[in-house]
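Colleague: Attaching a single structure in structure tokens format; questions to follow.
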Amino acid sequence: MDNITIKIKKGGKFNDIVPEKLKDRIIAAKMNDKLYDLFDTAPENNDAELIDIHSGDGEKILLHSAAHLLANAITDIHKDALPNTSNEGEDTFYYDFKMDPISIEDFPLIEKRMEEIVKSNVKIEKSILNKSEILEIFKNNKYKIDKINTNVNDNDKSSIYRQGNYIEFCKGPHVPSTGYIMAFKLLSISSTNYEGDINKEKMIRIYGTAFPDKKALNAFLIRREEAIKRDHRKIGTEMDLFMFDNERAPGMPFYTPNGAIIRNELINYMKEINKSHGWEEVWTAHVFKDIIWKQSGHYGKYKNDMFLFQLQNGDNYGLKPMNCPGHITIFQRNVYSYRDMPVKYSEPGTVYRYEKSGEMGGLTRPRGFTIDDGHGFVRPDQVLEETVSLLKMVPEIFKTVLGTDEISYDLSIMDKNNPENYLVSYICNNCNAKFEMRAAVDELKCYNCGSSDLRVDFSMWDNATDNLREALKNLNLKYTEYPGEAAFYGPKIDIHIKDALGRSWQLSTIQLDFFMPVNFDLYYIDRDDKRVRPIIIHRAIYGSYERFIAILLEHFNGKLPLWLSPLQTYVIPVSENYNDYAVKINELLNKNNLRSRIDLSGETISKKIKLIRKMRPSYIIVVGEREKNSNTLSVRNRKDKTKEFEIEEFISNIKNEIENHKIDQIF
RNA sequence: GCCAUCGUAGCUCAGUCGGUAGAGUGGCUGAUUCGUAAUCAGCAGGUCGGGGGUUCAAUUCCCCCCGGUGGCUCCA
């Protein structure tokens, strides 16, 4: 929801401009993009946005205050627990404590204490104190002392928040009193290390959530339960789609016949899209001599995460962890004119990465997976056009496959204050040579004359980043910029989609790369007969097929659109007396290239339906005396509605449903 | 890799305070001939993740491995 905006005079209290009837839902204020507590005073005459607890900013503040509420309760119950720090996610918060391990069995007691603090509606008050005063308050908590020392300069002041007996070092803002935290719940518990460093001490992390009202909290909890019920591993077992053999090939997914159908349909659809957008399909080997990984830089950086092996004769090989060197190898077979560009290769490319044991998880994080990969070798002046083309492909695909329009775009750009972290151009002030270098790993001196009198040239980054930005703007896409989030080798656009359960997934990526062209000395011949470096665009739309199938299954709860469904029709005769008619129907469906199966077992019709349900057939066709006599079908859809159809009518309808990749069924 | 937790029949799970295991479901066989979420009966399935130790005896207790799950870290 949108917040209201009201003018305020310099020095006025934000709380004084909150309309009386909104007092119970306005919890903070915002001016010039900075958040304030309601009891702060306005720094200037300006518009103040009043933050409603139901707004995006409001919910963040609520979660943050709920985290403090948790810490308040924990320290009340466990006197020796030391609060470290909290953080908020989309719907959840966590708080890390140094304390003896507890379990979710302890949650009711903690929640009860939290409830009491809410009931007594304790005021949450800010004080501004000198650093020394703050250090004195937190003298028994070394974690807070660390935080104070890193965040506050010696002679500066900072804020602390007090709610009853509980004090927190925090920059706020917060809800005005604990009574605003109407609906909350603790969710889970896990361990973590101080500052995320595995060498530092273990901490207890408690996750929770909070909402402006009970209704929203319940909706969240139901969604969460539904997500567990829809776990792709469970659906995959029920529908017999894929398996793992943890003894023989840990982390490697095996697709069973049904799963292979889904995977192939997705791949075939992507092939069509690639073709229509000028991405030519190639095929590359899975095993390469290690020299290519040394040249690409993967070996140096990811050696420990690669499958590497040595043959009897001493030759060293590695499984590909990325497809780009393979595509580059193909690109290098030729010399290209500027007129040949862009050269765009695509491939459902299977890669292997030795994920650490604790990092694997079902299909979402396997050790072998297939990317709908593509590498465009483009002239710098083609980045815009190619990015626009890709940004048009993405919504088309997700609309078709998932039926979703909820797509968001992140533009990750470089942090110009730290150019050493990136591969950027330098110009030698001594000999005027121009070259690319990453100062964080290479010694910063001229390759030509050895001089270290160099100046940075951002033009390559600036042009490329401008092109990405312009592509987003041309298509009127809403996007967010993230300075400092670019990879060292180039800026990128990451694309997120929201699934049926409201979860956001990063799927697609459009990544510019200045680095590989340098490593492999790629070039094309320009109009003036000079060699010019192309830029590589790495792109994937689904991301990996494995992860995408997991998301697809959870999004649809396994009830896939017909064109993706492994079992499109399932024919059930009412009794064995109608087997002949059922067999005829099933054969007719198969002849029409439909994936149909028939159940000729002696079970009752109810039992047959019961048993096949977990396979999620798109249509169940029941035939008996009536249908046989009138040459019709009794069809039951995914929503358990039944309808009579003429045979030909049904077949032509569902063939149309398949050809048009429809999400909805014919009735 | 780290912390926690788990590994018993194809699947879901029970059980053994140490005496080599059970249910439901699925599978097979037979009866039933059935109108949209379980008709009945019988039978066959397990060296209780792997290795070692303690013990007269280990699936159970101890140790080490291998895997799974939830987090942490990581994700080119």
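Going by the structure tokens order, chains are called A, B, ..., each with residues numbered from 1, while ligands are numbered from 1 in the order shown.
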Pick out the residues sitting within 8 Å of B:G35, and hand them over as a ChimeraX atom specification; count only C-alpha atoms (C1' of nucleotides), and ignore anything fewer than 5 positions along from it in its own chain.
Modeller: /A:574,605,624
Colleague: Residues of stretch 511-601 of chain A in strand (DSSP E or B) according to DSSP, as a VMD selection string?
Modeller: chain A and resid 511 to 513 524 to 525 531 to 532 535 to 544 569 to 573 596 to 598
Colleague: Report as JSON lines: every residue of chain B with an atom at most 7 Å from chain A, its closest pair of atoms, and their distance in Å to one decimal, counting only C-alpha atoms (C1' of nucleotides), with rows sorted by chain and ascending residue number.
Modeller:
```
{"residue": "B:G1", "atom": "C1'", "partner": "A:Lys356", "partner_atom": "CA", "distance": 6.9}
{"residue": "B:C2", "atom": "C1'", "partner": "A:Ile198", "partner_atom": "CA", "distance": 6.2}
{"residue": "B:C3", "atom": "C1'", "partner": "A:Ser191", "partner_atom": "CA", "distance": 5.5}
{"residue": "B:U33", "atom": "C1'", "partner": "A:Ser575", "partner_atom": "CA", "distance": 5.5}
{"residue": "B:C34", "atom": "C1'", "partner": "A:Thr604", "partner_atom": "CA", "distance": 5.6}
{"residue": "B:G35", "atom": "C1'", "partner": "A:Val574", "partner_atom": "CA", "distance": 6.3}
{"residue": "B:U36", "atom": "C1'", "partner": "A:Ser606", "partner_atom": "CA", "distance": 6.1}
{"residue": "B:A37", "atom": "C1'", "partner": "A:Lys610", "partner_atom": "CA", "distance": 4.8}
{"residue": "B:A38", "atom": "C1'", "partner": "A:Lys607", "partner_atom": "CA", "distance": 5.2}
{"residue": "B:G67", "atom": "C1'", "partner": "A:Asn246", "partner_atom": "CA", "distance": 5.8}
{"residue": "B:G71", "atom": "C1'", "partner": "A:Ser190", "partner_atom": "CA", "distance": 4.9}
{"residue": "B:C72", "atom": "C1'", "partner": "A:Thr192", "partner_atom": "CA", "distance": 4.8}
{"residue": "B:U73", "atom": "C1'", "partner": "A:Gly196", "partner_atom": "CA", "distance": 6.9}
```
Colleague: Record the distance separating atom CA of A:Arg367 and atom CA of A:Tyr354, expressed in Å with one decimal.
Modeller: 5.7 Å
Colleague: Provide the atom CA of A:Thr41 to atom CA of A:Lys7 distance in Å, to one decimal place.
Modeller: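 So the answer is 12.8 Å.
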Colleague: Fewer than 4 positions away in the same chain doesn't count, so skip those; otherwise give me all residues within 12 Å of B:A21, counting only C-alpha atoms (C1' of nucleotides), as number ranges by chain.
Modeller: B: 8-9, 14-16, 46, 48, 59-60
Colleague: List the spatial neighbours of A:Pro617 as a ChimeraX atom specification - criterion: any atom at most 8 Å away, only C-alpha atoms (C1' of nucleotides), same-chain residues fewer than 2 positions off excluded.
Modeller: /A:559,565-570,612-613,615,619-620,638
Colleague: List as a PyMOL selection string the protein and nucleic acid residues near B:U54, meaning an atom at most 12 Å away when only C-alpha atoms (C1' of nucleotides) are counted, but skip any in the same chain fewer than 3 places from it.
Modeller: chain B and resi 18+57-58+61-63
